[in-house]
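Q: Structure in structure tokens, see below.
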Amino acid sequence: MAKKLMKGCEAIGEAAIQAGCRLFFGYPITPQNEIPEYMAARLPQVGGTFVQAESELAASNMIYGASAAGCRCLTSSSSPGISLMQEAISYMVGSELPAVIVNIMRAGPGLGGILPSQADYRQAVKGGGHGDYRVLVLCPSSVQEAADLVIDAFDLADRYRNPVLVLGDGLIGQMMEPVEFKPRPPVALPPKDWAANGCKGRKPNIINSLYLVPEVCEQVNHRIAARYQVWEEKETRHSGHNLDSKYDLLLVANGSVARVCQTAIDDLKASGVEVGLFRPISLYPFPIKALREAAARAKNVLVVELNMGQMRDDVDSFLQGRVPVHFYGRQGGMMAAPEEVIEQARAILAGRSN
Amino acid sequence: MAKKLMKGCEAIGEAAIQAGCRLFFGYPITPQNEIPEYMAARLPQVGGTFVQAESELAASNMIYGASAAGCRCLTSSSSPGISLMQEAISYMVGSELPAVIVNIMRAGPGLGGILPSQADYRQAVKGGGHGDYRVLVLCPSSVQEAADLVIDAFDLADRYRNPVLVLGDGLIGQMMEPVEFKPRPPVALPPKDWAANGCKGRKPNIINSLYLVPEVCEQVNHRIAARYQVWEEKETRHSGHNLDSKYDLLLVANGSVARVCQTAIDDLKASGVEVGLFRPISLYPFPIKALREAAARAKNVLVVELNMGQMRDDVDSFLQGRVPVHFYGRQGGMMAAPEEVIEQARAILAGRSN
Amino acid sequence: MQTVFARPESLATVSTHYCPGCTHGIIHRLVGEILDELGVRERTVGIAPVGCAVLAYNYFNCDMIESSHGRATAVATGVKRARPDLCVFTYQGDGDLASIGMGETIHVANRGEKITVIFVNNAIYGMTGGQMAPTTLPGQVATTCPLGREVETAGWPIRMAELLASLRTPAYITRVAVHTPLHVAKAKQVVRKAFQHQLAGRCFSLIEFLSTCPTNWGMTPLEATRWLEANMIPYYPLGEYKTPE
Amino acid sequence: MQTVFARPESLATVSTHYCPGCTHGIIHRLVGEILDELGVRERTVGIAPVGCAVLAYNYFNCDMIESSHGRATAVATGVKRARPDLCVFTYQGDGDLASIGMGETIHVANRGEKITVIFVNNAIYGMTGGQMAPTTLPGQVATTCPLGREVETAGWPIRMAELLASLRTPAYITRVAVHTPLHVAKAKQVVRKAFQHQLAGRCFSLIEFLSTCPTNWGMTPLEATRWLEANMIPYYPLGEYKTPE
Amino acid sequence: MQNDLICAGFGGQGVLLIGKILAYAGMHEGKEVVWFPSYGPEMRGGTANCSVVISDRAVGSPIIAQPRGLIAMNLPSLDKFEPTVKPGGLIIVNTSLINRSVQRTDVEVLEIPCNAMAMEAGSARAANMVALGAYVGMTAAVQLKEAEELVRETFAQKPKLVDVNLRALHAGHDFAGAHRADQAPTPEVRS
Amino acid sequence: MQNDLICAGFGGQGVLLIGKILAYAGMHEGKEVVWFPSYGPEMRGGTANCSVVISDRAVGSPIIAQPRGLIAMNLPSLDKFEPTVKPGGLIIVNTSLINRSVQRTDVEVLEIPCNAMAMEAGSARAANMVALGAYVGMTAAVQLKEAEELVRETFAQKPKLVDVNLRALHAGHDFAGAHRADQAPTPEVRS
Amino acid sequence: MPRIEITRDQCKGCELCVHACPQGILGMSKDINKKGYFFAQVVDAPRCIGCRMCAITCPDVAIAIGMHGTMYHYFTY
Amino acid sequence: MPRIEITRDQCKGCELCVHACPQGILGMSKDINKKGYFFAQVVDAPRCIGCRMCAITCPDVAIAIGMHGTMYHYFTY
Ligand SMILES: Cc1ncc(C[n+]2csc(CCOP(=O)(O)OP(=O)(O)O)c2C)c(N)n1
Ligand SMILES: Cc1ncc(C[n+]2csc(CCOP(=O)(O)OP(=O)(O)O)c2C)c(N)n1
Ligand code: SF4
Ligand code: SF4
Ligand code: SF4
Ligand code: SF4
Ligand code: SF4
Ligand code: SF4
Ligand SMILES: [Mg+2]
Ligand SMILES: [Mg+2]
């Protein structure tokens with residue numbers, strides 16, 4: 001397939017289809033309406049099914065059902081709608097069901113605003129529902145990467161039988177960039193012999209998260225936690241910019257705002273100042289080891305986010321005080337401009353800063 | 001009022017009434033059914049109103065409404081039900097509405113089990129809904145303390161115009177202990193001149209969390225964040241046990257399991273081993289300073305929880321590697337026994353441990 | 001010379017963000033006029049939805065609460081139970097009230113909360129740009145049913161007035177339209193009745209307004225009124241569906 | 001000698017946790033018998049609710065999915081849309097289906113999902129210990145209405161069959177009881193019909209079962225059947241409310 | 001000093017009430033008390049149990065892994081909890097419904113036909129009071145007169161039942177007294 | 001080298017399409033491109049705008065605080081964005097709907113009656129193509145023939161419109177050419 | 001004569017079958033079963049007419065019936 | 001003669017009033033108002049009968065009417 005100019009939302013929809021997803025259940029919400037709209041038009045062309053759910057609550061339980069039946073399926077929403085999915089997400093983890101969920105974040109809390117924001121970082125990486133669980137969180141910073149990560153998300157979800165969240169914001173969802181869907185080698189995945197799809201020739205399968213005997217419930221908790229251990233070892237992803245320079249300052253940023261940081265770094269470089277960018281792509285599991293390595297070479301770290309410093313808290317705790325961690329953030333739908341980042345960077349380099 | 005033997009749930013209900021709360025909206029769920037049941041019987045006696053909501057989603061929006069009208073009100077639920085309230089909680093923060101929410105936790109994720117658990121720690125202290133927000137989290141470890149904290153919760157909610165979460169588990173909710181409601185001096189609180197309750201003699205009031213102009217939305221985010229800064233300085237609470245001894249090991253535990261630790265410490269003391277207990281009562285804002293002081297005097301810290309180590313992660317990050325942090329947890333509705341804690345403590349003291 | 005038609009006091013003197021010809025504006029005005037006529041503005045609390053009417057809190061000149069999508073009636077329940085002396089209304093679109101808020105809608109009606117619901121059925125999701133609503137007509141094109149609503153997969157459009165009227169509890173359920181002056185005038189009587197029921201302590205009342213969305217229907221305002229007349233009214237017959245027992 | 005009555009293959013050979021005399025057990029058996037008779041056990045997926053029937057996944061001898069409280073029909077939608085070749089049913093209580101799950105219930109019926117819903121109306125929340133249900137009768141005592149349900153504040157009990165039958169889409173809506181052998185026999189015909197509709201590709205079917213809860217009604221099983229006859233049937237008339245067009 | 005016990009039986013046998021009366025009595029005597037019911041996944045209409053702790057010091061966990069006392073009102077309860085009782089502890093067995101004897105040899109056992117004795121006292125439903133009386137008689141965990149007072153309060157609405165239940169309480173207490181007199185020296189069941 | 005612009009007007013004026021054509025053309029020429037629409041709280045049926053970046057290097061933020069170019073199709077758009085344009089940048093003003101002139105003196109201005117010229121070309125709705133042609137003529141951000149190709153593709157379903165829109169595109173391009181010829185030397189609008 | 005088999009430990013003693021039997025030939029035991037219930041039993045087997053009322057009523061599928069041919073079936077089931 | 005006041009900048013040019021006026025005396029301006037709309041205006045004021053159709057129809061409360069006494073009111077409003 002040749003390069004095509006696509007909105008992030010459309011690329012996400014197409015990526016799901018490329019990944020073999022034939023079912024979409026979702027409810028409209030800005031700024032991700034183009035995902036259901038794309039799917040409504042596109043799925044019937046490939047023999048798939050689009051269902052406009054009556055709510056996000058229903059949508060999240062529909063994917064619970066479709067996944068329980070052994071099929072790849074997608075839902076997407078934006079911040080308030082994702083809050084409404086927290087119970088179902090907890091259930092999917094408890095029932096060990098794969099699922100891919102896309103959150104195209106907007107400003108909060110409450111109704112907030114519809115402009116880009118990264119204020120759902122904590123909800124995404126800490127698990128906003130009840131119980132001990134996590135979802136794997138992938139965070140693209142371009143339309144192409146959004147498409148690639150969505151395809152990976154389906155594989156990861158199936159491999160680990162756990163929901164995977166693709167976390168973008170209004171900027172990633174709304175902007176158009178060139179995208180290419182290259183053929184991918186097929187990935188070997190465990191068979192879905194646990195699915196509830198008719199017990200012909202075998203004992204009935206049960207999809208369930210209720211364990212009335214606490215000893216059993218405890219074991220299940222351990223089994224689930226073990227999965228996250230594996231993730232922390234094997235499934236971290238990150239990227240960087242100008243990391244092979246001799247930088248004194250390391251920026252840490254993800255998603256949309258990492259692009260802004262990249263521009264800032266290029267501009268600084270043009271004026272002879274070297275600054276590195278560490279960009280986590282998997283927000284959970286966080287690439288802690290790689291962050292520490294990148295930070296070890298810096299005198300200061302500056303975390304840039306579109307929130308009040310949610311990832312900063314994590315970076316702070318991962319670096320355990322080894323390097324001073326500074327923060328620059330915009331909130332409520334405001335996007336940081338490269339000039340603002342440059343100013344912050346210069347201030348830190350000059351030794352005057354927060 | 002004389003001492004009365006009450007279930008934790010009943011004491012919570014009565015405390016709300018003592019705090020002047022005359023409205024309860026909620027939906028049944030084990031192990032907190034006694035809260036709505038108590039309120040259904042008790043509220044009419046004091047001219048109050050009990051409404052069995054059709055769901056937790058509805059209940060949380062009903063308290064949004066009652067609070068917006070300027071009235072004290074309560075809702076309660078247990079883990080899955082609290083997940084369903086995350087959107088409304090985010091809205092209440094966004095609209096700067098006071099509210100008291102009780103979560104009597106049970107095992108998760110998913111349907112999990114109905115036995116005591118502390119697995120919603122992260123959801124509670126990190127904010128399970130969307131956007132940059134926090135709720136103040138109070139965590140009792142006895143029935144009397146549950147009652148006292150509920151009364152405080154109403155004052156705190158009104159003072160800061162932010163929801164306050166009282167976090168107990170099935171043990172706190174279901175056990176009976178003696179409780180006493182002592183008369184309290186009235187607390188001076190700001191007038192609710194913002195409430196939407198008829199605009200006679202003034203301009204209309206608007207309760208809202210939508211800010212379409214991102215600059216304004218950003219300001220609101222800052223105003224809300226400033227509140228949390230104040231909490232971190234002024235509203236932390238903690239308690240301890242055997243902290244004036246010369247301990248080498250400090251236990252950190254909250255809520256129900258802190259009681260178990262207390263027994264373990266007493267038993268250890270009886271055999272000549274001194275161990276301290278640091279018990280955060282406010283889980284957010286976490287009493288970081290006090291924790292650091294208590295931990296500074298220890299060679300090791302052991303966090304004991306009824307989950308996979310959610311508070312441990314926080315303690316770890318607060319202590320920034322100054323003291324080794326160990327963990328012992330039970331999950332899925334299992335309660336740690338004093339003997340288990342003693343064994344862990346002895347192992348650490350003897351230098352063999354996780 | 002006396003003024004025989006002017007902006008009611010209960011409508012704030014601001015311009016709305018509604019598209020040209022959108023009948024949301026007429027419905028706002030009717031509510032404002034009745035609040036004026038009944039003299040209850042100062043003890044009224046309105047609940048705004050999420051939908052095109054999200055900014056209704058800026059348009060009504062009384063205390064207003066913005067609710068989350070679909071939950072206006074739950075919020076109204078909280079307000080009315082807390083302060084039974086207040087006059088409480090919600091203003092909700094069809095996505096809000098009949099899709100995501102269906103559970104709350106049925107239950108608020110069935111509990112018989114003493115509130116008045118202004119329900120704006122424009123057969124589409126206006127605010128989010130024209131997706132299918134539970135009220136979108138068979139064959140009607142929307143962005144999430146680009147080939148027109150298929151009854152086979154999406155079901156028949158929901159008639160909320162009829163559905164609610166099949167419950168025993170609610171007091172007053174009526175469907176009106178506002179696409180011609182005569183309909184507007186009739187609708188006004190209905191709005192008055194609904195609020196009067198509330199003020200008289202009778203329980204739940206709901207008015208379903210058939211409303212236009214020229215923008216997302218892809219029509220001029222005038223075409224939209226004609227489309228409403230030709231397509232919506234046959235499927236959504238006007239009239240009183242339930243009156244107090 | 002031939003066996004004329006025995007446990008159907010579609011019921012697992014386990015003892016249920018239901019209280020003595022609870023008619024949940026009869027309803028389970030009827031479903032099991034029909035799955036056997038129609039020969040569809042091996043292509044059936046059942047959805048268990050949260051309620052006393054939460055462990056239904058252990059009782060039916062076919063693939064089963066446990067859903068969250070109230071969302072069984074959304075889960076069923078996911079299953080059926082993913083695999084239209086499967087026979088899909090949900091089994092839900094009145095709290096589950098008519099309170100927290102009301103939105104999902106109306107919408108699944110109105111979308112016309114090709115599933116069969118087994119709805120157990122016992123006028124109470126059994127599992128959580130006897131709280132008021134949307135179906136609790138006027139004056140009936142429950143732990144959250146200790147003086148009996150007051151219609152003034154809690155509204156009239158919801159008649160789900162009638163409510164759903166007022167929608168245009170659903171194919172088959174019927175109310176039955178199982179408190180006498182004759183009623184059980186009649187109910188069985190209805191269960192058969194409902195599944196046959198699904199297998200014939202017709203859309204949504206729902207059977208409302210009037211069921212007893214001796215434990216939370218505070219009666220012996222026999223008293224419970226009599227109370228059901230005397231109190232529930234008059235308010236919840238038995239019969240077919242909607243049949244395929 | 002701490003007394004703790006698990007009191008278990010069928011749902012309708014009033015085992016939770018025994019526990020509450022003990023807790024209340026302890027409270028009235030100025031002790032620290034906690035009562036905790038099983039609210040777990042027991043079969044509906046099936047078994048119920050509660051733990052009670054009566055102590056001189058603040059009570060830690062109210063969930064007692066190794067209770068010092070067990071009142072087993074029916075067979076499933078004995079089956080379930082017999083192995084958990086602390087060595088040296090006490091098991092009270094309702095022989096009216098339990099047709100096997102205790103296997104443990106490291107505990108004290110009181111076999112008492114609660115239902116039969118309650119019937120004699122005037123109502124089969126007062127079997128729980130027989131057991132309560134027996135427990136008080138065996139352990140002196142609380143004073144008998146506190147228990148009496150609480151029985152009076154509990155049935156204040158139904159005065160007819162007060163006497164029946166008091167009779168049952170005393171019958172149990174006396175039975176225990178006789179048993180203790182028989183067995184000397186008794187193992188120390190309190191600590 | 002980077003070209004970026006904001007293209008703004010009423011909802012129905014096709015400003016988003018101008019942006020998309022520029023982005024596509026840039027992509028076809030092997031450049032890095034990003035297109036980003038305003039999806040903010042504009043009044044329904046009110047103004048719309050998008051930003052486009054066409055660059056030789058990977059594009060950072062697609063939200064352009066200080067655009068190098070502005071196409072203002074109506075008055076509110078000029079009011080809103082005139083102050084943001086980078087000094088030395090370019091403002092294209094649709095004089096058919098804008099009855100004031102640009103206040104800034106540090107930018108290049110092209111005043112062009114898009115609607116009137118579109119009408120001449122055959123359809124008032126092609127005003128956006130006049131503006132597009134003018135922008136390409138002024139900046140050479142992309143090649144005219146790429147833009148032509150895309151116009152053909154865009155209206156492939158309605159062949160009648162292809163010619164009209166191509167005429168409008170050329171009219172705009174020619175107008176810009178004439179303007180540039182008039183003004184020498186021009187300020188550097190690219191960087 | 002039909003054969004009524006009541007699985008003793010499957011029975012929960014609800015007595016519904018006892019009331020359903022038109023012949024009045026079922027009764028409750030004096031013993032308790034493993035679950036602790038007084039279980040149902042056939043008291044007067046020869047008078048059984050094989051009508052299946054008991055089995056149709058039993059919520060716990062504790063009753064199985066075998067017989068030769070059709071006997072008194074009040075309705076199809 | 002009734003006085004029809006159309007607040008120019010409140011009008012969104014929807015033309016509904018133009019179609020509602022039974023006298024056909026409203027029309028759209030050739031100018032645009034501050035919001036960018038061609039606004040409604042009274043073209044033939046003397047023929048106005050004060051029926052209020054235009055105002056009742058206007059979704060933007062852009063029309064106010066003043067008059068002496070009651071004129072042609074087709075229905076109460
Ligand atoms: C939880 C949640 N889901 C979805 C949305 C997005 N959303 C906003 S308005 C709306 C629908 C509006 O349609 P309707 O209620 O019919 O009102 P209209 O705009 O047509 O007047 C939706 C889906 C949201 N804000 N919150
Ligand atoms: C989200 C959520 N809310 C509440 C509960 C608690 N809960 C479990 S079952 C139930 C109601 C059961 O009543 P019903 O559906 O009528 O079934 P029954 O037990 O009567 O058969 C409730 C409220 C829950 N598990 N999850
Ligand atoms: S989008 Fe539709 S409903 Fe919304 S304001 Fe415009 S015309 Fe009215
Ligand atoms: S509680 Fe009621 S519904 Fe539940 S099993 Fe017992 S009798 Fe049946
Ligand atoms: S088959 Fe009929 S007659 Fe025989 S025992 Fe059963 S109910 Fe009685
Ligand atoms: S109906 Fe079944 S469970 Fe009830 S007593 Fe008879 S055999 Fe036993
Ligand atoms: S009042 Fe009547 S006649 Fe006069 S302008 Fe308005 S609609 Fe026309
Ligand atoms: S109806 Fe109102 S908004 Fe529409 S054109 Fe007339 S005056 Fe203007
Ligand atoms: Mg709508
Ligand atoms: Mg029920």
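Ligands are numbered from 1 in the order shown, chains are lettered A, B, ... in the order of the structure tokens, and residues start at 1 in each chain.
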Within stretch 77-155 of chain F, find each residue whose DSSP state, derived from the backbone, is strand (DSSP E), and express the selection as a PyMOL selection string.
A: chain F and resi 90-94+108-112
Q: Kindly save the residues from that selection, with N, CA and C atoms included, as a compact mmCIF listing (two decimals), in the first residue's frame.
A:
# COMPACT_ATOMS: atom_id res chain seq x y z
N LEU F 90 3.57 36.08 5.00
CA LEU F 90 2.66 36.46 3.92
C LEU F 90 1.21 36.36 4.38
N ILE F 91 0.43 37.39 4.06
CA ILE F 91 -1.01 37.30 4.32
C ILE F 91 -1.76 37.45 3.01
N ILE F 92 -2.60 36.44 2.72
CA ILE F 92 -3.45 36.54 1.54
C ILE F 92 -4.85 36.91 2.03
N VAL F 93 -5.37 38.01 1.50
CA VAL F 93 -6.64 38.54 1.98
C VAL F 93 -7.69 38.42 0.88
N ASN F 94 -8.79 37.75 1.24
CA ASN F 94 -9.89 37.62 0.28
C ASN F 94 -10.73 38.89 0.34
N GLU F 108 4.27 40.62 4.11
CA GLU F 108 3.83 40.85 2.74
C GLU F 108 2.34 40.57 2.65
N VAL F 109 1.64 41.34 1.86
CA VAL F 109 0.20 41.17 1.75
C VAL F 109 -0.20 41.00 0.29
N LEU F 110 -1.09 40.00 0.08
CA LEU F 110 -1.67 39.90 -1.25
C LEU F 110 -3.18 40.06 -1.10
N GLU F 111 -3.71 41.13 -1.65
CA GLU F 111 -5.17 41.33 -1.60
C GLU F 111 -5.75 40.76 -2.89
N ILE F 112 -6.71 39.88 -2.74
CA ILE F 112 -7.24 39.21 -3.93
C ILE F 112 -8.72 38.89 -3.73
Q: Residues of chain A within 12 Å of chain E, counting only C-alpha atoms, what are they? List them as a PyMOL selection string.
A: chain A and resi 210-214
Q: Take the residues from that selection and put them in a file with N, CA, C and O atoms, as a PDB file, in the first residue's frame.
A:
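To be explicit, this is the file written out as result_27.pdb:
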ATOM      1  N   LEU A 210     -14.734 -14.028  38.720  1.00  0.00           N
ATOM      2  CA  LEU A 210     -15.185 -14.196  40.106  1.00  0.00           C
ATOM      3  C   LEU A 210     -14.476 -15.391  40.722  1.00  0.00           C
ATOM      4  O   LEU A 210     -14.477 -16.481  40.144  1.00  0.00           O
ATOM      5  N   TYR A 211     -13.900 -15.183  41.871  1.00  0.00           N
ATOM      6  CA  TYR A 211     -13.238 -16.277  42.572  1.00  0.00           C
ATOM      7  C   TYR A 211     -13.634 -16.190  44.032  1.00  0.00           C
ATOM      8  O   TYR A 211     -13.042 -15.428  44.801  1.00  0.00           O
ATOM      9  N   LEU A 212     -14.657 -16.945  44.378  1.00  0.00           N
ATOM     10  CA  LEU A 212     -15.210 -16.796  45.727  1.00  0.00           C
ATOM     11  C   LEU A 212     -14.261 -17.336  46.784  1.00  0.00           C
ATOM     12  O   LEU A 212     -14.291 -16.902  47.925  1.00  0.00           O
ATOM     13  N   VAL A 213     -13.425 -18.270  46.409  1.00  0.00           N
ATOM     14  CA  VAL A 213     -12.455 -18.793  47.367  1.00  0.00           C
ATOM     15  C   VAL A 213     -11.231 -17.885  47.344  1.00  0.00           C
ATOM     16  O   VAL A 213     -10.576 -17.762  46.306  1.00  0.00           O
ATOM     17  N   PRO A 214     -10.958 -17.218  48.443  1.00  0.00           N
ATOM     18  CA  PRO A 214      -9.916 -16.186  48.387  1.00  0.00           C
ATOM     19  C   PRO A 214      -8.540 -16.741  48.014  1.00  0.00           C
ATOM     20  O   PRO A 214      -7.759 -16.044  47.365  1.00  0.00           O
TER      21      PRO A 214
END
Q: Could you list, as number ranges by chain, all residues that come within 9 Å of ligand 1? Count only C-alpha atoms and all ligand atoms.
A: A: 27-31, 33, 55-57, 77-84, 111, 114; B: 87; C: 24, 49-54, 68-70, 92-100, 120-135, 211, 213
Q: Counting only C-alpha atoms and all ligand atoms, name the residues that have an atom within 10 Å of an atom of ligand 5; the answer should be given as an NGL selection string.
A: (:D and (5 or 181)) or (:G and (1-6 or 17-27 or 41-57 or 63-67 or 71-74))
Q: Could you check how far atom CA of D:Pro157 sits from atom CA of B:Thr75, in Å to one decimal?
A: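 Result for atom CA of D:Pro157 versus atom CA of B:Thr75: 23.5 Å, one decimal.
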Q: Extract, using only C-alpha atoms, all DNA, RNA and protein residues at most 12 Å from B:Gln45, discarding same-chain residues fewer than 4 positions from it, and format them as a list of chain:residue names.
A: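 Near B:Gln45, the qualifying residues are B:Glu14, B:Ile17, B:Arg22, B:Tyr38, B:Met39, B:Ala40, B:Ala41, B:Thr49, B:Phe50.
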Q: For E:Leu144, please output as a list of chain:residue names all residues within 10 Å (counting only C-alpha atoms; exclusion window: fewer than 4 positions along the same chain).
A: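 Using only C-alpha atoms, the neighbours found are E:Ala25, E:Leu132, E:Gly133, E:Val136, E:Gly137, E:Ala140, E:Glu148, E:Glu149, E:Leu150, E:Leu169, E:His170, E:His173.
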Q: Write out the residues from the selection above, keeping C-alpha atoms, as an mmCIF file, in the first residue's frame.
A:
data_model
loop_
_atom_site.group_PDB
_atom_site.id
_atom_site.type_symbol
_atom_site.label_atom_id
_atom_site.label_comp_id
_atom_site.auth_asym_id
_atom_site.auth_seq_id
_atom_site.Cartn_x
_atom_site.Cartn_y
_atom_site.Cartn_z
ATOM 1 C CA ALA E 25 -21.201 -7.865 77.349
ATOM 2 C CA LEU E 132 -24.044 -19.003 74.872
ATOM 3 C CA GLY E 133 -24.711 -19.961 78.468
ATOM 4 C CA VAL E 136 -19.940 -18.240 79.472
ATOM 5 C CA GLY E 137 -19.973 -21.061 81.957
ATOM 6 C CA ALA E 140 -16.159 -16.708 82.180
ATOM 7 C CA GLU E 148 -28.742 -11.941 81.026
ATOM 8 C CA GLU E 149 -29.159 -8.201 80.718
ATOM 9 C CA LEU E 150 -28.488 -8.359 77.011
ATOM 10 C CA LEU E 169 -29.098 -19.399 78.886
ATOM 11 C CA HIS E 170 -29.072 -20.664 82.445
ATOM 12 C CA HIS E 173 -24.499 -22.187 82.003
#
Q: Could I get the residue neighbourhood of ligand 6 at 7 Å, counting only C-alpha atoms and all ligand atoms, as JSON, numbers by chain?
A: {"D": [20, 21], "G": [6, 10, 11, 12, 13, 14, 15, 16, 17, 18, 39, 40, 54, 57, 58, 59, 60, 61, 62, 63]}
Q: Can you pull out the residues contacting C:Thr153? Cut-off 8 Å, using only C-alpha atoms, and skip same-chain residues under 3 positions away; I want them as a PyMOL selection string.
A: (chain C and resi 150) or (chain D and resi 111-113)
